[in-house]
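Pasting final-v9.pdb here (PDB, C-alpha atoms):
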ATOM      1  CA  MET Z   1     274.977 119.080 183.011
ATOM      2  CA  LYS Z   2     277.696 116.445 183.096
ATOM      3  CA  GLY Z   3     276.416 112.947 183.771
ATOM      4  CA  PHE Z   4     272.923 113.785 182.576
ATOM      5  CA  SER Z   5     272.347 111.782 179.429
ATOM      6  CA  LEU Z   6     269.710 112.818 176.943
ATOM      7  CA  LYS Z   7     267.494 109.938 178.086
ATOM      8  CA  ARG Z   8     267.750 110.951 181.712
ATOM      9  CA  LEU Z   9     267.145 114.603 180.924
ATOM     10  CA  THR Z  10     264.077 113.706 178.859
ATOM     11  CA  LEU Z  11     262.637 111.445 181.556
ATOM     12  CA  ASP Z  12     263.105 114.185 184.174
ATOM     13  CA  ALA Z  13     261.476 116.718 181.862
ATOM     14  CA  VAL Z  14     258.485 114.429 181.242
ATOM     15  CA  LEU Z  15     258.175 113.785 184.983
ATOM     16  CA  SER Z  16     258.267 117.526 185.699
ATOM     17  CA  ALA Z  17     255.496 118.032 183.153
ATOM     18  CA  VAL Z  18     253.413 115.242 184.717
ATOM     19  CA  ALA Z  19     253.909 116.669 188.222
ATOM     20  CA  LEU Z  20     253.050 120.166 187.004
ATOM     21  CA  ILE Z  21     249.848 119.015 185.285
ATOM     22  CA  ILE Z  22     248.755 117.130 188.416
ATOM     23  CA  PHE Z  23     249.549 120.200 190.534
ATOM     24  CA  VAL Z  24     247.640 122.637 188.293
ATOM     25  CA  LEU Z  25     244.625 120.322 187.903
ATOM     26  CA  GLU Z  26     244.516 119.775 191.654
ATOM     27  CA  SER Z  27     244.496 123.518 192.301
ATOM     28  CA  ARG Z  28     241.224 123.679 190.345
ATOM     29  CA  ILE Z  29     239.532 121.253 192.768
ATOM     30  CA  PRO Z  30     237.648 123.191 195.452
ATOM     31  CA  ASN Z  31     238.830 122.692 199.029
ATOM     32  CA  LEU Z  32     237.201 119.668 200.591
ATOM     33  CA  ALA Z  33     237.331 120.991 204.139
ATOM     34  CA  PRO Z  34     237.431 124.546 205.484
ATOM     35  CA  VAL Z  35     240.929 124.161 206.870
ATOM     36  CA  PRO Z  36     243.624 126.464 205.467
ATOM     37  CA  GLY Z  37     246.450 124.557 203.817
ATOM     38  CA  MET Z  38     244.602 121.243 203.481
ATOM     39  CA  LYS Z  39     244.865 119.556 200.096
ATOM     40  CA  LEU Z  40     245.231 116.189 198.404
ATOM     41  CA  GLY Z  41     248.868 116.672 197.422
ATOM     42  CA  LEU Z  42     248.635 114.366 194.418
ATOM     43  CA  ALA Z  43     251.930 115.644 192.985
ATOM     44  CA  ASN Z  44     253.530 113.722 195.870
ATOM     45  CA  ILE Z  45     252.976 110.563 193.777
ATOM     46  CA  VAL Z  46     255.622 111.806 191.345
ATOM     47  CA  THR Z  47     258.022 112.746 194.163
ATOM     48  CA  VAL Z  48     257.767 109.359 195.890
ATOM     49  CA  TRP Z  49     257.976 107.402 192.658
ATOM     50  CA  SER Z  50     260.958 109.393 191.433
ATOM     51  CA  MET Z  51     262.763 109.097 194.781
ATOM     52  CA  PHE Z  52     262.576 105.290 194.740
ATOM     53  CA  ALA Z  53     262.823 104.680 191.002
ATOM     54  CA  LEU Z  54     265.376 107.276 189.923
ATOM     55  CA  GLY Z  55     267.187 108.712 192.934
ATOM     56  CA  PRO Z  56     267.723 111.898 194.945
ATOM     57  CA  LEU Z  57     269.185 114.143 192.231
ATOM     58  CA  ASP Z  58     266.440 113.589 189.646
ATOM     59  CA  THR Z  59     263.803 113.926 192.364
ATOM     60  CA  LEU Z  60     265.231 117.239 193.545
ATOM     61  CA  ALA Z  61     265.256 118.584 189.988
ATOM     62  CA  VAL Z  62     261.675 117.480 189.275
ATOM     63  CA  LEU Z  63     260.446 118.789 192.642
ATOM     64  CA  LEU Z  64     262.066 122.225 192.281
ATOM     65  CA  ILE Z  65     260.856 122.658 188.701
ATOM     66  CA  ARG Z  66     257.329 121.697 189.745
ATOM     67  CA  ILE Z  67     257.326 124.092 192.724
ATOM     68  CA  ILE Z  68     258.660 127.042 190.712
ATOM     69  CA  LEU Z  69     256.470 126.519 187.632
ATOM     70  CA  GLY Z  70     253.488 125.486 189.775
ATOM     71  CA  SER Z  71     253.634 128.827 191.600
ATOM     72  CA  VAL Z  72     253.835 130.630 188.249
ATOM     73  CA  PHE Z  73     250.840 128.811 186.742
ATOM     74  CA  ALA Z  74     248.593 128.186 189.731
ATOM     75  CA  GLY Z  75     249.858 130.102 192.721
ATOM     76  CA  SER Z  76     251.264 133.285 194.138
ATOM     77  CA  VAL Z  77     254.426 134.555 195.808
ATOM     78  CA  THR Z  78     253.017 133.487 199.175
ATOM     79  CA  SER Z  79     252.092 130.000 197.964
ATOM     80  CA  PHE Z  80     255.601 129.607 196.513
ATOM     81  CA  PHE Z  81     257.199 129.871 199.946
ATOM     82  CA  PHE Z  82     254.637 127.492 201.453
ATOM     83  CA  SER Z  83     255.296 124.974 198.656
ATOM     84  CA  LEU Z  84     259.051 125.377 198.871
ATOM     85  CA  ALA Z  85     259.312 124.872 202.639
ATOM     86  CA  GLY Z  86     256.881 121.941 202.564
ATOM     87  CA  GLY Z  87     258.518 120.392 199.512
ATOM     88  CA  MET Z  88     262.050 120.621 200.892
ATOM     89  CA  LEU Z  89     261.156 119.136 204.283
ATOM     90  CA  CYS Z  90     259.217 116.365 202.511
ATOM     91  CA  TYR Z  91     262.265 115.746 200.285
ATOM     92  CA  LEU Z  92     264.659 115.444 203.233
ATOM     93  CA  VAL Z  93     262.386 112.960 205.022
ATOM     94  CA  GLN Z  94     262.017 110.831 201.886
ATOM     95  CA  LEU Z  95     265.765 111.034 201.250
ATOM     96  CA  PHE Z  96     266.286 109.392 204.641
ATOM     97  CA  LEU Z  97     263.448 106.857 204.174
ATOM     98  CA  ARG Z  98     264.841 105.786 200.787
ATOM     99  CA  LYS Z  99     267.656 103.972 202.593
ATOM    100  CA  ILE Z 100     265.542 102.090 205.116
ATOM    101  CA  LEU Z 101     262.278 101.156 203.380
ATOM    102  CA  ASN Z 102     261.806  97.936 201.432
ATOM    103  CA  PRO Z 103     259.666  97.865 198.256
ATOM    104  CA  LYS Z 104     256.559  96.902 200.224
ATOM    105  CA  GLN Z 105     256.869  99.859 202.603
ATOM    106  CA  ILE Z 106     257.101 102.711 200.128
ATOM    107  CA  PHE Z 107     253.678 104.024 201.192
ATOM    108  CA  VAL Z 108     255.402 105.063 204.458
ATOM    109  CA  ALA Z 109     257.441 107.599 202.440
ATOM    110  CA  GLY Z 110     254.184 109.010 201.073
ATOM    111  CA  ILE Z 111     252.706 109.390 204.551
ATOM    112  CA  LEU Z 112     255.749 110.810 206.332
ATOM    113  CA  GLY Z 113     256.503 113.014 203.319
ATOM    114  CA  ALA Z 114     253.019 114.518 203.469
ATOM    115  CA  VAL Z 115     253.346 115.005 207.232
ATOM    116  CA  ALA Z 116     256.721 116.730 206.731
ATOM    117  CA  HIS Z 117     255.190 118.903 203.999
ATOM    118  CA  ASN Z 118     252.527 120.147 206.394
ATOM    119  CA  ILE Z 119     255.071 120.804 209.139
ATOM    120  CA  GLY Z 120     257.195 122.814 206.694
ATOM    121  CA  GLN Z 121     254.145 124.816 205.639
ATOM    122  CA  MET Z 122     253.246 125.435 209.257
ATOM    123  CA  ILE Z 123     256.732 126.814 209.968
ATOM    124  CA  VAL Z 124     256.315 129.301 207.096
ATOM    125  CA  ALA Z 125     252.797 130.158 208.316
ATOM    126  CA  LEU Z 126     254.138 130.888 211.806
ATOM    127  CA  ILE Z 127     256.765 133.211 210.315
ATOM    128  CA  ALA Z 128     254.352 134.841 207.842
ATOM    129  CA  PHE Z 129     251.502 135.437 210.290
ATOM    130  CA  GLN Z 130     253.755 136.281 213.259
ATOM    131  CA  SER Z 131     251.124 134.567 215.365
ATOM    132  CA  VAL Z 132     250.754 131.192 217.041
ATOM    133  CA  SER Z 133     247.002 131.158 216.382
ATOM    134  CA  VAL Z 134     247.495 129.281 213.080
ATOM    135  CA  LEU Z 135     249.037 126.402 215.048
ATOM    136  CA  VAL Z 136     245.628 125.030 216.078
ATOM    137  CA  TYR Z 137     245.185 123.736 212.526
ATOM    138  CA  LEU Z 138     248.264 121.511 212.712
ATOM    139  CA  PRO Z 139     246.478 118.446 214.207
ATOM    140  CA  PHE Z 140     243.774 118.595 211.502
ATOM    141  CA  LEU Z 141     246.403 118.983 208.801
ATOM    142  CA  LEU Z 142     248.425 116.053 210.181
ATOM    143  CA  VAL Z 143     245.399 113.706 210.180
ATOM    144  CA  SER Z 144     244.634 114.670 206.580
ATOM    145  CA  ALA Z 145     248.331 114.291 205.684
ATOM    146  CA  VAL Z 146     248.343 110.669 206.904
ATOM    147  CA  LEU Z 147     245.266 109.869 204.787
ATOM    148  CA  THR Z 148     246.329 111.675 201.604
ATOM    149  CA  GLY Z 149     249.943 110.526 202.075
ATOM    150  CA  ALA Z 150     248.781 106.905 202.290
ATOM    151  CA  LEU Z 151     246.850 107.419 199.054
ATOM    152  CA  THR Z 152     249.733 108.997 197.138
ATOM    153  CA  GLY Z 153     252.328 106.678 198.703
ATOM    154  CA  LEU Z 154     250.380 103.527 197.785
ATOM    155  CA  THR Z 155     249.837 104.850 194.267
ATOM    156  CA  ALA Z 156     253.591 105.321 193.863
ATOM    157  CA  GLN Z 157     254.256 101.905 195.408
ATOM    158  CA  PHE Z 158     251.932 100.150 192.933
ATOM    159  CA  LEU Z 159     253.300 102.205 190.035
ATOM    160  CA  LEU Z 160     256.901 101.188 190.708
ATOM    161  CA  PRO Z 161     256.754  97.583 189.411
ATOM    162  CA  LEU Z 162     254.582  98.703 186.495
ATOM    163  CA  LEU Z 163     257.117 101.271 185.391
ATOM    164  CA  GLU Z 164     260.127  99.127 186.175
ATOM    165  CA  LYS Z 165     261.100  99.028 182.518
ATOM    166  CA  ALA Z 166     261.621 102.766 182.483
ATOM    167  CA  CYS Z 167     263.708 102.634 185.664
ATOM    168  CA  HIS Z 168     265.756  99.757 184.308
ATOM    169  CA  ALA Z 169     266.562 101.720 181.162
ATOM    170  CA  MET Z 170     267.564 104.671 183.328
ATOM    171  CA  LYS Z 171     269.879 102.698 185.584
ATOM    172  CA  LYS Z 172     271.548 101.003 182.643
ATOM    173  CA  ASP Z 173     271.934 104.398 181.075
ATOM    174  CA  ARG Z 174     273.606 105.874 184.140
ATOM    175  CA  ARG Z 175     276.144 103.050 184.355
ATOM    176  CA  GLU Z 176     277.377 103.714 180.855
TER     177      GLU Z 176
ATOM    178  CA  MET V 177     261.859  97.902 210.240
ATOM    179  CA  LYS V 178     258.920  95.605 209.699
ATOM    180  CA  THR V 179     255.886  96.894 207.801
ATOM    181  CA  ARG V 180     253.766  96.194 210.876
ATOM    182  CA  THR V 181     256.023  98.388 213.043
ATOM    183  CA  TRP V 182     255.624 101.252 210.570
ATOM    184  CA  ILE V 183     251.842 100.868 210.537
ATOM    185  CA  ILE V 184     251.673 100.835 214.357
ATOM    186  CA  LEU V 185     253.879 103.958 214.591
ATOM    187  CA  ILE V 186     251.779 105.786 211.995
ATOM    188  CA  ALA V 187     248.525 104.692 213.670
ATOM    189  CA  ALA V 188     249.793 105.962 217.039
ATOM    190  CA  PHE V 189     250.775 109.275 215.437
ATOM    191  CA  THR V 190     247.374 109.596 213.745
ATOM    192  CA  LEU V 191     245.519 108.845 216.982
ATOM    193  CA  THR V 192     247.548 111.528 218.790
ATOM    194  CA  ALA V 193     246.722 114.060 216.070
ATOM    195  CA  LEU V 194     243.052 113.001 216.152
ATOM    196  CA  ALA V 195     242.959 113.387 219.939
ATOM    197  CA  ALA V 196     244.531 116.848 219.633
ATOM    198  CA  SER V 197     241.974 117.801 216.944
ATOM    199  CA  ALA V 198     239.105 116.584 219.143
ATOM    200  CA  TRP V 199     240.513 118.468 222.125
ATOM    201  CA  ILE V 200     240.714 121.684 220.104
ATOM    202  CA  LEU V 201     237.114 121.286 218.911
ATOM    203  CA  MET V 202     235.912 120.497 222.453
ATOM    204  CA  SER V 203     237.648 123.436 224.121
ATOM    205  CA  LYS V 204     235.349 125.962 222.501
ATOM    206  CA  LYS V 205     234.860 129.149 224.432
ATOM    207  CA  SER V 206     232.273 131.481 223.065
ATOM    208  CA  SER V 207     232.167 135.245 222.537
ATOM    209  CA  GLY V 208     234.717 137.713 223.751
ATOM    210  CA  VAL V 209     236.804 140.125 221.750
ATOM    211  CA  ALA V 210     237.604 139.547 218.082
ATOM    212  CA  GLN V 211     240.989 140.599 216.762
ATOM    213  CA  VAL V 212     241.746 141.119 213.087
ATOM    214  CA  LEU V 213     245.416 140.668 212.225
ATOM    215  CA  ALA V 214     246.894 141.460 208.828
ATOM    216  CA  ASP V 215     250.530 140.584 208.200
ATOM    217  CA  GLY V 216     250.979 139.851 211.907
ATOM    218  CA  GLU V 217     249.788 143.297 212.950
ATOM    219  CA  LEU V 218     246.620 143.973 214.875
ATOM    220  CA  VAL V 219     244.470 146.182 212.641
ATOM    221  CA  ARG V 220     241.148 146.076 214.460
ATOM    222  CA  THR V 221     239.650 144.916 217.748
ATOM    223  CA  ILE V 222     235.903 144.341 218.061
ATOM    224  CA  ASP V 223     234.004 143.582 221.239
ATOM    225  CA  LEU V 224     231.457 141.185 219.759
ATOM    226  CA  ALA V 225     229.176 141.331 222.801
ATOM    227  CA  SER V 226     228.624 145.065 222.380
ATOM    228  CA  VAL V 227     227.748 144.883 218.657
ATOM    229  CA  LYS V 228     224.125 145.962 218.249
ATOM    230  CA  GLU V 229     223.752 146.142 214.485
ATOM    231  CA  ALA V 230     225.414 144.205 211.711
ATOM    232  CA  TYR V 231     228.031 146.057 209.676
ATOM    233  CA  THR V 232     230.849 145.296 207.264
ATOM    234  CA  PHE V 233     234.321 146.696 206.851
ATOM    235  CA  GLU V 234     237.196 146.043 204.494
ATOM    236  CA  VAL V 235     240.742 145.059 205.300
ATOM    237  CA  THR V 236     243.090 145.781 202.422
ATOM    238  CA  THR V 237     246.712 144.732 202.386
ATOM    239  CA  GLU V 238     249.155 144.738 199.492
ATOM    240  CA  LYS V 239     248.040 141.148 198.845
ATOM    241  CA  GLY V 240     244.302 141.888 198.479
ATOM    242  CA  THR V 241     241.060 142.784 200.170
ATOM    243  CA  ASN V 242     238.785 140.906 202.574
ATOM    244  CA  VAL V 243     235.280 142.138 203.366
ATOM    245  CA  ILE V 244     234.476 141.281 206.963
ATOM    246  CA  LEU V 245     230.921 141.067 208.281
ATOM    247  CA  VAL V 246     230.224 141.681 211.965
ATOM    248  CA  GLU V 247     226.962 140.709 213.634
ATOM    249  CA  PRO V 248     226.042 140.650 217.327
ATOM    250  CA  GLY V 249     228.240 137.955 218.885
ATOM    251  CA  ARG V 250     229.825 136.709 215.690
ATOM    252  CA  ILE V 251     232.111 137.616 212.795
ATOM    253  CA  CYS V 252     232.929 136.170 209.373
ATOM    254  CA  VAL V 253     234.623 136.954 206.076
ATOM    255  CA  LYS V 254     231.934 137.825 203.564
ATOM    256  CA  GLU V 255     234.011 138.332 200.458
ATOM    257  CA  ALA V 256     237.652 137.999 199.471
ATOM    258  CA  ASP V 257     239.473 138.582 196.208
ATOM    259  CA  CYS V 258     241.849 135.686 196.803
ATOM    260  CA  LYS V 259     241.911 132.488 194.793
ATOM    261  CA  ASP V 260     240.831 129.781 197.223
ATOM    262  CA  HIS V 261     238.133 131.539 199.323
ATOM    263  CA  THR V 262     238.857 129.228 202.260
ATOM    264  CA  CYS V 263     238.313 132.136 204.652
ATOM    265  CA  VAL V 264     234.809 132.731 203.255
ATOM    266  CA  LYS V 265     233.918 129.038 203.398
ATOM    267  CA  MET V 266     235.054 128.807 207.018
ATOM    268  CA  GLY V 267     231.895 130.674 207.947
ATOM    269  CA  TRP V 268     231.133 132.301 211.262
ATOM    270  CA  LEU V 269     233.807 132.604 213.905
ATOM    271  CA  GLN V 270     232.141 132.146 217.261
ATOM    272  CA  ASP V 271     234.715 130.494 219.470
ATOM    273  CA  GLN V 272     238.375 130.654 220.382
ATOM    274  CA  ALA V 273     239.249 127.221 219.058
ATOM    275  CA  THR V 274     239.615 127.803 215.329
ATOM    276  CA  PRO V 275     240.546 131.247 214.001
ATOM    277  CA  ILE V 276     239.639 132.293 210.455
ATOM    278  CA  VAL V 277     242.812 132.257 208.392
ATOM    279  CA  CYS V 278     243.302 133.655 204.905
ATOM    280  CA  LEU V 279     246.630 132.279 203.716
ATOM    281  CA  PRO V 280     246.939 134.342 200.489
ATOM    282  CA  HIS V 281     246.341 137.646 202.286
ATOM    283  CA  LYS V 282     248.078 136.737 205.567
ATOM    284  CA  LEU V 283     244.909 137.637 207.467
ATOM    285  CA  VAL V 284     243.833 136.136 210.787
ATOM    286  CA  ILE V 285     240.615 136.745 212.682
ATOM    287  CA  ARG V 286     240.509 135.265 216.164
ATOM    288  CA  ILE V 287     238.658 135.620 219.408
ATOM    289  CA  VAL V 288     240.506 136.278 222.645
ATOM    290  CA  ASP V 289     239.434 136.746 226.237
ATOM    291  CA  ALA V 290     238.444 140.304 226.994
ATOM    292  CA  ASP V 291     241.180 140.566 229.622
ATOM    293  CA  GLY V 292     243.350 137.600 228.612
ATOM    294  CA  PRO V 293     246.982 137.693 227.589
ATOM    295  CA  ASP V 294     247.847 138.614 224.035
ATOM    296  CA  ALA V 295     249.118 135.579 222.143
ATOM    297  CA  VAL V 296     250.917 137.505 219.410
ATOM    298  CA  VAL V 297     254.511 136.398 219.014
ATOM    299  CA  GLN V 298     256.817 139.204 218.075
TER     300      GLN V 298
END
Target format structure tokens, applied to this file:
Amino acid sequence: MKGFSLKRLTLDAVLSAVALIIFVLESRIPNLAPVPGMKLGLANIVTVWSMFALGPLDTLAVLLIRIILGSVFAGSVTSFFFSLAGGMLCYLVQLFLRKILNPKQIFVAGILGAVAHNIGQMIVALIAFQSVSVLVYLPFLLVSAVLTGALTGLTAQFLLPLLEKACHAMKKDRRE
Amino acid sequence: MKTRTWIILIAAFTLTALAASAWILMSKKSSGVAQVLADGELVRTIDLASVKEAYTFEVTTEKGTNVILVEPGRICVKEADCKDHTCVKMGWLQDQATPIVCLPHKLVIRIVDADGPDAVVQ
């Protein structure tokens, strides 16, 4: 693709691999609570970090690759649509937050991203099940989303200064 | 926006969700009629109050099979050939508050009032 230097392409590929590994490993962890759709969402760390360190285009690429390959390696056709709807809604929310959050507020993107992910999943569940009875799980999912989102968001926030070198190299690279 | 504003907004949101969760758990209504829905379609209706002896039956869709166990007054998923087994871990369904949901197989088991309105959205 034009404008994608080798360095940028490599970094995105490595990030996709990292996100995929996190996603597959997490799918091996048994559910902590008997609520359908509840999970840690650790791959969100990569999404948040990438959104604030690299930018929207790289994040979209990494996210889509992770969702597609994640469904191949550790999911099903059904889980693909849940991941896709959740991931895209999460992406849109973080795209908006990118403009208004300062470096000390990046955890907010983790939280609201996780909340958006659950709302996206719920929309697919409502369509798939053709029944409003799944909606009773939304409050439980939202509480867990705030907690797990805070965890992943803070992780990304603390990672950002540590990995600043990599981002700096990227930005310099893009200017050239 | 200030960090404090964000935290207050998120805390308010969390409290609302917590209150809704508590309300759902409190509004338990026991027994009634259990409905088994696969792919949004009602496949079986069981009047739990009239069950005398425990029995099992299978619900098979193109996605997989769930073995459902019925006992007097209660119902659960005994086995499932899906990956996550959330539906099995959810245990007995005894109230209207929280239906058993199997995401991979698009299966829902819920309890409704014997004469109440049907909540299926078409």
Item to complete: Considering all atoms listed in the file, state which residue in the set Z:Leu64, Z:Leu135, Z:Leu112, Z:Leu40 is at the smallest distance from Leu15 (chain Z).
Response: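 Nearest candidate to Leu15 (chain Z) out of Z:Leu64, Z:Leu135, Z:Leu112, Z:Leu40: Z:Leu64.
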Item to complete: For the structure provided, state which residues fall under the ChimeraX specification (/Z :<10) & /V, and present them as a ChimeraX atom specification.
Response: /V:177-180,182-183,186-187,189-201,213-217,239,259-267,272-287,295-298
Worksheet item: What separation in Å, quoted to one decimal, exists between CA of Met88 (chain Z) and CA of Ile184 (chain V)?
Response: 26.1 Å
Discussion item. Using Å and a single decimal, report how far CA of Val288 (chain V) sits from CA of Val209 (chain V).
Written reply: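 That distance, rounded to one decimal, is 5.4 Å.
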Can you turn the PyMOL selection byres ((chain V and resi 240) around 9) into a concrete residue list for this file, as a PDB file with C-alpha atoms, in the frame of the given file?
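The resulting file, out_22.pdb, is shown below:
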ATOM      1  CA  VAL V 235     240.742 145.059 205.300  1.00  0.00           C
ATOM      2  CA  THR V 236     243.090 145.781 202.422  1.00  0.00           C
ATOM      3  CA  THR V 237     246.712 144.732 202.386  1.00  0.00           C
ATOM      4  CA  GLU V 238     249.155 144.738 199.492  1.00  0.00           C
ATOM      5  CA  LYS V 239     248.040 141.148 198.845  1.00  0.00           C
ATOM      6  CA  THR V 241     241.060 142.784 200.170  1.00  0.00           C
ATOM      7  CA  ASN V 242     238.785 140.906 202.574  1.00  0.00           C
ATOM      8  CA  ALA V 256     237.652 137.999 199.471  1.00  0.00           C
ATOM      9  CA  ASP V 257     239.473 138.582 196.208  1.00  0.00           C
ATOM     10  CA  CYS V 258     241.849 135.686 196.803  1.00  0.00           C
ATOM     11  CA  PRO V 280     246.939 134.342 200.489  1.00  0.00           C
ATOM     12  CA  HIS V 281     246.341 137.646 202.286  1.00  0.00           C
TER      13      HIS V 281
END
Worksheet entry | Target residues per the PyMOL selection byres ((chain Z and resi 13) around 12), formatted as number ranges by chain | Z: 4, 6-12, 14-20, 58-59, 61-66
Discussion item. Please compute the CA of Val93 (chain Z)-CA of Ser5 (chain Z) distance, one decimal, in Å.
Written reply: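 These two atoms are separated by 27.5 Å.
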Worksheet item: Looking at Z:Leu163, Z:Leu97, Z:Met122, Z:Ala150, which one is nearest to Met51 (chain Z), with distances taken over all atoms listed in the file?
Response: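 For Met51 (chain Z), the nearest of the candidates is Z:Leu97.
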